[in-house]
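Engineer: Input model.txt, format and content: compact mmCIF, C-alpha atoms and all ligand atoms.
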```
# COMPACT_ATOMS: atom_id res chain seq x y z
CA MET A 1 41.69 -107.69 141.18
CA ARG A 2 44.77 -109.73 140.26
CA ILE A 3 44.09 -111.95 137.24
CA LEU A 4 46.57 -114.41 135.72
CA PHE A 5 46.56 -116.08 132.31
CA ILE A 6 48.54 -119.12 131.20
CA SER A 7 48.40 -121.51 128.23
CA ASP A 8 50.36 -124.12 126.32
CA LEU A 9 52.07 -125.94 129.17
CA HIS A 10 51.71 -129.26 127.32
CA LEU A 11 52.05 -131.30 130.50
CA HIS A 12 52.86 -134.96 130.02
CA SER A 13 54.72 -137.82 131.63
CA GLY A 14 57.95 -137.12 129.76
CA ARG A 15 58.23 -133.58 131.23
CA SER A 16 57.90 -133.94 134.99
CA ASP A 17 59.84 -130.65 135.25
CA LEU A 18 56.86 -128.82 133.69
CA THR A 19 54.43 -130.43 136.12
CA ARG A 20 56.69 -129.42 139.03
CA ALA A 21 56.91 -125.89 137.63
CA LEU A 22 53.13 -125.60 137.43
CA LEU A 23 52.69 -126.93 140.97
CA HIS A 24 55.22 -124.34 142.16
CA PHE A 25 53.46 -121.59 140.17
CA LEU A 26 50.06 -122.50 141.63
CA ALA A 27 51.44 -122.57 145.18
CA THR A 28 53.34 -119.27 144.88
CA THR A 29 52.59 -116.80 142.06
CA ALA A 30 48.94 -117.82 141.70
CA LYS A 31 48.33 -118.40 145.41
CA ASP A 32 46.73 -115.03 146.10
CA CYS A 33 45.29 -114.19 142.69
CA ASP A 34 41.56 -113.63 142.29
CA GLN A 35 41.21 -115.41 138.96
CA LEU A 36 43.32 -117.77 136.87
CA TYR A 37 42.55 -118.30 133.19
CA ILE A 38 44.02 -121.36 131.46
CA LEU A 39 43.67 -120.72 127.73
CA GLY A 40 44.17 -124.25 126.45
CA ASP A 41 46.82 -126.90 125.91
CA LEU A 42 47.40 -127.39 129.61
CA PHE A 43 48.04 -131.00 128.60
CA GLU A 44 49.97 -132.48 125.69
CA ALA A 45 47.10 -134.83 124.85
CA TRP A 46 43.86 -135.40 126.77
CA ILE A 47 41.94 -138.47 125.65
CA GLY A 48 38.98 -138.12 128.01
CA ASP A 49 38.25 -137.42 131.67
CA ASP A 50 38.11 -141.17 132.37
CA PHE A 51 41.89 -141.43 131.93
CA ILE A 52 43.99 -139.33 134.27
CA PRO A 53 47.62 -140.45 134.30
CA ASP A 54 48.92 -140.94 137.87
CA ASP A 55 51.69 -138.39 137.40
CA LEU A 56 49.14 -135.69 136.47
CA GLN A 57 46.93 -136.29 139.52
CA PRO A 58 48.93 -133.70 141.55
CA VAL A 59 47.89 -131.07 138.97
CA ILE A 60 44.23 -131.93 139.49
CA ASP A 61 44.71 -131.75 143.27
CA ALA A 62 46.60 -128.43 143.14
CA LEU A 63 43.93 -126.81 140.95
CA LYS A 64 41.28 -128.02 143.41
CA THR A 65 43.24 -126.59 146.35
CA LEU A 66 43.60 -123.23 144.62
CA SER A 67 39.89 -123.06 143.75
CA ASN A 68 38.93 -124.15 147.28
CA ASN A 69 41.07 -121.28 148.57
CA GLY A 70 38.95 -118.77 146.69
CA CYS A 71 40.64 -118.36 143.31
CA GLN A 72 38.20 -118.64 140.41
CA ILE A 73 39.81 -120.82 137.75
CA PHE A 74 38.59 -120.80 134.15
CA PHE A 75 39.57 -123.22 131.42
CA GLN A 76 39.33 -122.81 127.66
CA HIS A 77 40.00 -125.82 125.44
CA GLY A 78 43.10 -126.03 123.28
CA ASN A 79 43.77 -128.22 120.26
CA ARG A 80 45.40 -130.81 122.53
CA ASP A 81 42.89 -130.96 125.38
CA PHE A 82 39.53 -130.31 123.73
CA LEU A 83 38.21 -133.49 125.36
CA ILE A 84 38.40 -132.02 128.85
CA GLY A 85 34.87 -132.16 130.21
CA GLU A 86 32.58 -131.85 133.18
CA ARG A 87 34.27 -134.54 135.28
CA PHE A 88 37.58 -132.68 135.04
CA ALA A 89 35.76 -129.49 135.99
CA GLN A 90 34.27 -131.15 139.06
CA LEU A 91 37.58 -132.69 140.14
CA THR A 92 39.49 -129.41 139.83
CA GLY A 93 36.87 -126.76 140.54
CA VAL A 94 37.58 -125.05 137.21
CA GLN A 95 34.81 -123.51 135.13
CA LEU A 96 34.84 -124.51 131.47
CA LEU A 97 34.62 -121.63 128.99
CA GLN A 98 33.39 -121.42 125.41
CA ASP A 99 36.05 -121.15 122.67
CA SER A 100 35.51 -117.39 122.43
CA VAL A 101 34.80 -115.40 125.57
CA VAL A 102 34.71 -111.71 126.44
CA ILE A 103 35.74 -110.66 129.93
CA SER A 104 36.14 -107.30 131.56
CA LEU A 105 39.65 -106.11 132.46
CA ALA A 106 40.80 -102.68 133.63
CA SER A 107 41.78 -101.97 129.99
CA GLY A 108 38.22 -102.74 128.82
CA PRO A 109 36.36 -105.67 127.30
CA THR A 110 38.86 -108.38 126.38
CA LEU A 111 38.48 -111.32 124.00
CA LEU A 112 39.97 -114.65 125.12
CA MET A 113 40.69 -117.51 122.73
CA HIS A 114 43.08 -120.45 122.52
CA GLY A 115 44.09 -119.00 119.16
CA ASP A 116 44.01 -122.03 116.86
CA GLN A 117 40.75 -120.86 115.30
CA LEU A 118 42.54 -117.68 114.15
CA CYS A 119 45.06 -119.64 112.05
CA THR A 120 42.72 -119.58 109.06
CA ASP A 121 45.49 -119.90 106.44
CA ASP A 122 46.11 -123.39 107.80
CA VAL A 123 43.25 -124.87 105.82
CA GLU A 124 44.23 -128.50 106.51
CA TYR A 125 44.25 -127.87 110.24
CA GLN A 126 40.91 -126.04 110.19
CA ALA A 127 39.35 -129.06 108.42
CA LEU A 128 40.83 -131.38 111.06
CA ARG A 129 39.62 -129.06 113.83
CA GLN A 130 36.08 -129.11 112.51
CA GLN A 131 36.09 -132.91 112.65
CA LEU A 132 37.76 -133.17 116.08
CA ARG A 133 35.33 -130.67 117.60
CA SER A 134 32.13 -132.27 116.24
CA PRO A 135 30.03 -133.76 119.08
CA GLU A 136 29.23 -136.86 116.97
CA TRP A 137 32.90 -137.60 116.38
CA GLN A 138 33.76 -136.96 120.01
CA ASN A 139 31.00 -139.24 121.30
CA ALA A 140 32.14 -142.03 118.98
CA LEU A 141 35.71 -141.47 120.09
CA LEU A 142 34.93 -141.50 123.80
CA ALA A 143 33.10 -144.81 123.34
CA GLN A 144 36.41 -146.43 122.35
CA SER A 145 38.65 -148.13 124.89
CA ILE A 146 41.47 -146.21 126.57
CA PRO A 147 44.22 -148.17 124.75
CA GLU A 148 42.46 -147.45 121.42
CA ARG A 149 42.24 -143.74 122.23
CA LEU A 150 45.87 -143.61 123.35
CA GLU A 151 46.89 -145.17 120.03
CA MET A 152 44.73 -142.69 118.06
CA ALA A 153 46.24 -139.76 119.94
CA LYS A 154 49.71 -141.11 119.12
CA GLN A 155 48.82 -141.45 115.42
CA LEU A 156 47.37 -137.96 115.33
CA ARG A 157 50.44 -136.46 116.97
CA MET A 158 52.70 -138.25 114.48
CA ALA A 159 50.61 -137.04 111.53
CA SER A 160 50.60 -133.52 112.93
CA LYS A 161 54.38 -133.50 113.41
CA THR A 162 54.88 -134.61 109.80
CA HIS A 163 52.52 -131.94 108.50
CA THR A 164 53.80 -129.06 110.63
CA ALA A 165 57.40 -129.83 109.59
CA ASN A 166 56.34 -129.00 106.02
CA LYS A 167 54.26 -125.89 106.68
CA SER A 168 55.61 -122.34 106.62
CA ALA A 169 55.74 -120.34 109.84
CA GLU A 170 53.30 -117.79 108.31
CA ILE A 171 50.64 -120.43 107.66
CA MET A 172 50.86 -121.56 111.28
CA ASP A 173 50.45 -118.04 112.67
CA VAL A 174 47.18 -116.18 113.15
CA ASN A 175 45.66 -114.49 110.12
CA PRO A 176 45.45 -110.68 110.63
CA HIS A 177 41.99 -110.48 109.03
CA ALA A 178 40.69 -113.26 111.28
CA VAL A 179 42.05 -111.33 114.29
CA GLU A 180 40.47 -108.10 113.08
CA GLN A 181 37.13 -109.80 112.46
CA ALA A 182 37.07 -111.64 115.80
CA MET A 183 37.93 -108.46 117.73
CA SER A 184 35.44 -106.31 115.91
CA GLU A 185 32.61 -108.89 116.25
CA ALA A 186 33.35 -109.10 119.98
CA ASN A 187 33.72 -105.32 120.19
CA CYS A 188 37.05 -105.65 122.04
CA GLN A 189 40.20 -103.54 121.98
CA LEU A 190 42.26 -106.34 123.54
CA LEU A 191 42.71 -109.98 122.49
CA ILE A 192 44.60 -112.53 124.60
CA HIS A 193 45.43 -115.93 123.13
CA GLY A 194 48.01 -118.72 123.05
CA HIS A 195 48.62 -121.63 120.63
CA THR A 196 51.26 -120.12 118.34
CA HIS A 197 54.08 -120.23 120.92
CA ARG A 198 55.12 -116.72 119.83
CA PRO A 199 54.79 -114.67 123.03
CA ALA A 200 54.48 -110.97 122.29
CA VAL A 201 52.44 -107.82 122.79
CA HIS A 202 51.28 -106.60 119.38
CA GLN A 203 50.03 -103.04 118.87
CA LEU A 204 47.30 -103.13 116.22
CA ASN A 205 45.37 -100.40 114.38
CA ASP A 206 43.10 -98.02 116.28
CA GLY A 207 44.87 -98.60 119.62
CA LYS A 208 43.93 -102.28 119.70
CA GLN A 209 46.29 -104.84 121.25
CA ARG A 210 46.90 -108.56 120.76
CA ILE A 211 48.76 -110.32 123.57
CA VAL A 212 50.13 -113.78 122.80
CA LEU A 213 50.91 -116.02 125.78
CA GLY A 214 54.06 -118.12 125.68
CA ASP A 215 54.37 -121.90 125.92
CA TRP A 216 56.22 -123.44 128.85
CA ASP A 217 59.39 -125.19 127.77
CA LYS A 218 62.78 -123.84 128.83
CA SER A 219 61.00 -120.87 130.46
CA GLY A 220 57.49 -120.32 131.74
CA TRP A 221 55.16 -117.46 130.79
CA TYR A 222 52.14 -115.81 132.30
CA LEU A 223 50.17 -112.62 131.85
CA GLU A 224 49.19 -110.62 134.88
CA ALA A 225 46.28 -108.19 134.66
CA SER A 226 45.38 -105.69 137.36
CA GLU A 227 44.11 -102.13 137.68
CA GLN A 228 47.55 -101.04 136.41
CA GLY A 229 47.13 -102.88 133.09
CA GLU A 230 48.58 -106.07 131.65
CA GLN A 231 52.12 -107.40 131.95
CA LEU A 232 53.49 -110.40 130.03
CA ILE A 233 56.03 -112.13 132.26
CA LYS A 234 58.70 -114.72 131.44
CA PHE A 235 60.27 -116.67 134.29
CA ASP A 236 62.79 -119.45 134.86
CA LEU A 237 61.31 -122.88 135.41
CA GLN A 238 62.23 -124.16 138.85
O1 LIG A 301 49.64 -129.53 118.04
P1 LIG A 301 50.64 -128.75 117.27
O2 LIG A 301 50.85 -127.39 117.82
O3 LIG A 301 51.90 -129.50 117.06
O4 LIG A 301 50.02 -128.57 115.82
C1 LIG A 301 48.76 -127.94 115.70
C2 LIG A 301 47.94 -128.68 114.67
N1 LIG A 301 47.85 -130.09 114.98
C3 LIG A 301 46.91 -130.52 115.81
C4 LIG A 301 46.84 -132.02 116.03
C5 LIG A 301 47.30 -132.30 117.43
O5 LIG A 301 48.68 -132.09 117.57
C6 LIG A 301 46.96 -133.72 117.79
C7 LIG A 301 46.52 -133.70 119.19
C8 LIG A 301 46.30 -135.04 119.70
C9 LIG A 301 45.86 -134.96 121.16
C10 LIG A 301 44.39 -135.00 121.30
C11 LIG A 301 43.96 -136.36 121.49
C12 LIG A 301 42.49 -136.52 121.61
C13 LIG A 301 41.86 -137.20 120.45
C14 LIG A 301 42.57 -138.40 120.00
C15 LIG A 301 42.01 -139.71 120.38
C16 LIG A 301 41.36 -139.88 121.67
O6 LIG A 301 46.14 -129.81 116.42
C17 LIG A 301 48.56 -128.53 113.33
C18 LIG A 301 48.70 -127.05 113.02
C19 LIG A 301 49.54 -126.38 114.10
O7 LIG A 301 48.91 -126.59 115.37
C20 LIG A 301 49.70 -124.89 113.90
O8 LIG A 301 48.46 -124.23 114.05
O9 LIG A 301 49.30 -126.88 111.75
O10 LIG A 301 47.65 -129.09 112.39
C21 LIG A 301 48.07 -130.15 111.62
O11 LIG A 301 49.22 -130.49 111.57
C22 LIG A 301 46.96 -130.81 110.87
C23 LIG A 301 47.43 -131.33 109.54
O12 LIG A 301 47.70 -130.27 108.65
C24 LIG A 301 46.41 -132.28 108.95
C25 LIG A 301 46.46 -133.55 109.74
C26 LIG A 301 45.77 -134.66 109.06
C27 LIG A 301 45.66 -135.77 110.07
C28 LIG A 301 45.22 -137.02 109.46
C29 LIG A 301 44.68 -137.95 110.51
C30 LIG A 301 45.58 -139.10 110.71
C31 LIG A 301 44.87 -140.25 111.33
C32 LIG A 301 44.98 -140.27 112.80
C33 LIG A 301 44.16 -141.33 113.44
C34 LIG A 301 43.09 -140.79 114.31
```
Mind converting the file's structure to structure tokens?
Structural biologist:
Amino acid sequence: MRILFISDLHLHSGRSDLTRALLHFLATTAKDCDQLYILGDLFEAWIGDDFIPDDLQPVIDALKTLSNNGCQIFFQHGNRDFLIGERFAQLTGVQLLQDSVVISLASGPTLLMHGDQLCTDDVEYQALRQQLRSPEWQNALLAQSIPERLEMAKQLRMASKTHTANKSAEIMDVNPHAVEQAMSEANCQLLIHGHTHRPAVHQLNDGKQRIVLGDWDKSGWYLEASEQGEQLIKFDLQ
């Protein structure tokens, strides 16, 4: 089995280079893989499956092609694209995952998360997350017009930028106790997540490991898992 993991591409109209890089990745590196896991923030801001920007349609088509060719694609929501839903899943062939999922790798049972829920020191963000993830709030939001939602997303991004500029790097990283608790509740020796944009392989107590995927910006990142183990790979964006 060859299994790939990516996250935090933050695709949007202003970064057509990232969209091109993903299309290249799907057509080359991912072409023959058995499974592809997208652990959130594939998009910079997703306001609902009823609004797919024209320049992102090739991404939908490429995911569909890959899944039609036999690759199982799984998607976990991030803090930017938590409104991805069933229509997106149908259009792309991806399977939507819960926020916390255990899968089996050669190294053993492995916990997958976007990672934002582990940043428990960021109390303001966790309060916002609770609101943004509530079904009532999401239903009310999705009932609004597309221009209204686009404006709300813009306001939220602006507010977030202002807040993150004033937060310490430690607050915006995962909390070690939250990691420990999540891994022990899931009974996993390995955790794979994204969100923090701090790609690394962390050796934890008792032989446990935490692998952090990288965001795509100047370089791209993916994790490859096979019978030989896991390898975190950085590559030049084409
Ligand atoms: O995203 P990132 O990495 O920069 O920062 C995150 C946390 N911020 C967020 C907010 C997102 O960036 C906004 C995403 C918008 C796209 C989704 C649109 C769909 C719904 C919109 C309408 C259809 O996730 C940031 C964390 C950081 O990660 C590190 O973990 O710190 O959290 C914050 O900055 C939250 C602030 O601390 C509190 C914000 C209060 C916001 C007040 C609301 C303003 C009113 C907006 C009108 C709706």
Engineer: I'd like to know which of A:Leu91, A:Leu141, A:Leu18, A:Ile192 is closest to Ala225 (chain A), using all atoms listed in the file.
Structural biologist: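 The closest residue to Ala225 (chain A) is A:Ile192.
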Engineer: Which residues are near His177 (chain A)? Cut-off 12 Å, all atoms listed in the file, ignore same chain within fewer than 2 positions. Put them as a ChimeraX atom specification.
Structural biologist: /A:118-121,173-175,179-185,204-205
Engineer: Report as lines of an AutoDock Vina configuration file the centre and the edge lengths, in Å to one decimal, of the axis-aligned box holding every listed atom of ligand LIG 301 (chain A), padded by 6 Å on each side.
Structural biologist:
```
center_x = 46.6
center_y = -132.8
center_z = 115.2
size_x = 22.5
size_y = 29.1
size_z = 25.0
```
Engineer: For a test of reading the model, state the distance in Å between atom O12 of ligand LIG 301 (chain A) and CA of Pro147 (chain A), rounded to one decimal.
Structural biologist: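 Atom-to-atom, atom O12 of ligand LIG 301 (chain A) to CA of Pro147 (chain A), that is 24.3 Å.
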Engineer: Could the residues that lie within 6 Å of ligand LIG 301 (chain A), counting all atoms listed in the file, be listed as a list in words?
Structural biologist: Ala45, Trp46, Ile47, Asn79, Arg80, Asp81, Asp116, Glu124, Tyr125, Arg149, Met152, Ala153, Gln155, Leu156, Arg157, Ala159, Ser160, Lys161, His163, Thr164 and Met172 of chain A
Engineer: How about saving the chosen residues, C-alpha atoms kept, as a compact mmCIF listing (two decimals), in the frame of the given file?
Structural biologist:
```txt
# COMPACT_ATOMS: atom_id res chain seq x y z
CA ALA A 45 47.10 -134.83 124.85
CA TRP A 46 43.86 -135.40 126.77
CA ILE A 47 41.94 -138.47 125.65
CA ASN A 79 43.77 -128.22 120.26
CA ARG A 80 45.40 -130.81 122.53
CA ASP A 81 42.89 -130.96 125.38
CA ASP A 116 44.01 -122.03 116.86
CA GLU A 124 44.23 -128.50 106.51
CA TYR A 125 44.25 -127.87 110.24
CA ARG A 149 42.24 -143.74 122.23
CA MET A 152 44.73 -142.69 118.06
CA ALA A 153 46.24 -139.76 119.94
CA GLN A 155 48.82 -141.45 115.42
CA LEU A 156 47.37 -137.96 115.33
CA ARG A 157 50.44 -136.46 116.97
CA ALA A 159 50.61 -137.04 111.53
CA SER A 160 50.60 -133.52 112.93
CA LYS A 161 54.38 -133.50 113.41
CA HIS A 163 52.52 -131.94 108.50
CA THR A 164 53.80 -129.06 110.63
CA MET A 172 50.86 -121.56 111.28
```
Engineer: To one decimal place in Å, what is the distance between CA of Thr19 (chain A) and CA of Asp55 (chain A)?
Structural biologist: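 For CA of Thr19 (chain A) relative to CA of Asp55 (chain A), the distance reads 8.5 Å.
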Engineer: Select, from A:Gln117, A:Ser13, A:Gln72, A:Gln35, the residue with the minimum atom-to-atom distance to Gly194 (chain A), counting all atoms listed in the file.
Structural biologist: A:Gln117
Engineer: I'd like the neighbourhood of Leu9 (chain A) as a tab-separated table (two decimals) with C-alpha atoms, in the frame of the given file, where a residue qualifies if any of its atoms comes within 7 Å (using all atoms listed in the file), though same-chain residues fewer than 5 positions away should be ignored.
Structural biologist:
```
chain	number	residue	atom	x	y	z
A	41	ASP	CA	46.82	-126.90	125.91
A	42	LEU	CA	47.40	-127.39	129.61
A	43	PHE	CA	48.04	-131.00	128.60
A	215	ASP	CA	54.37	-121.90	125.92
A	216	TRP	CA	56.22	-123.44	128.85
```
Engineer: Would you list the contacts of Asp50 (chain A) as a PyMOL selection string, taking every protein, DNA or RNA residue within 10 Å and counting only C-alpha atoms, but skipping same-chain residues closer than 3 positions in sequence?
Structural biologist: chain A and resi 46-47+53+84-85+87-88+142+146
Engineer: Ranking A:Asp8, A:Glu136, A:Glu224, A:Asp122 by minimum distance to His77 (chain A) and counting all atoms listed in the file, which one comes first?
Structural biologist: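 Nearest candidate to His77 (chain A) out of A:Asp8, A:Glu136, A:Glu224, A:Asp122: A:Asp8.
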Engineer: List as a compact mmCIF listing (two decimals) with C-alpha atoms, in the frame of the given file: which residues have an atom within 9 Å of (43.5, -120.3, 139.6), counting all atoms listed in the file?
Structural biologist:
```txt
# COMPACT_ATOMS: atom_id res chain seq x y z
CA ILE A 3 44.09 -111.95 137.24
CA LEU A 4 46.57 -114.41 135.72
CA PHE A 5 46.56 -116.08 132.31
CA LEU A 26 50.06 -122.50 141.63
CA ALA A 30 48.94 -117.82 141.70
CA LYS A 31 48.33 -118.40 145.41
CA ASP A 32 46.73 -115.03 146.10
CA CYS A 33 45.29 -114.19 142.69
CA ASP A 34 41.56 -113.63 142.29
CA GLN A 35 41.21 -115.41 138.96
CA LEU A 36 43.32 -117.77 136.87
CA TYR A 37 42.55 -118.30 133.19
CA ILE A 38 44.02 -121.36 131.46
CA LEU A 63 43.93 -126.81 140.95
CA LYS A 64 41.28 -128.02 143.41
CA LEU A 66 43.60 -123.23 144.62
CA SER A 67 39.89 -123.06 143.75
CA GLY A 70 38.95 -118.77 146.69
CA CYS A 71 40.64 -118.36 143.31
CA GLN A 72 38.20 -118.64 140.41
CA ILE A 73 39.81 -120.82 137.75
CA PHE A 74 38.59 -120.80 134.15
CA VAL A 94 37.58 -125.05 137.21
```
Engineer: Write out as an MDAnalysis selection string each polymer residue whose atoms come within 7 Å of Val212 (chain A), counting all atoms listed in the file; drop sequence neighbours fewer than 3 positions from it.
Structural biologist: chainID A and resid 192:194 198:201
Engineer: Between A:Leu111, A:Leu83, A:Ala140, A:Leu56, which has the minimum distance to Gly14 (chain A) (counting all atoms listed in the file)?
Structural biologist: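 So, comparing all the options, the nearest one is A:Leu56.
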Engineer: Between CA of Leu96 (chain A) and CA of Phe75 (chain A), what distance in Å does the model show, to one decimal?
Structural biologist: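 So the two atoms, CA of Leu96 (chain A) and CA of Phe75 (chain A), lie 4.9 Å apart.
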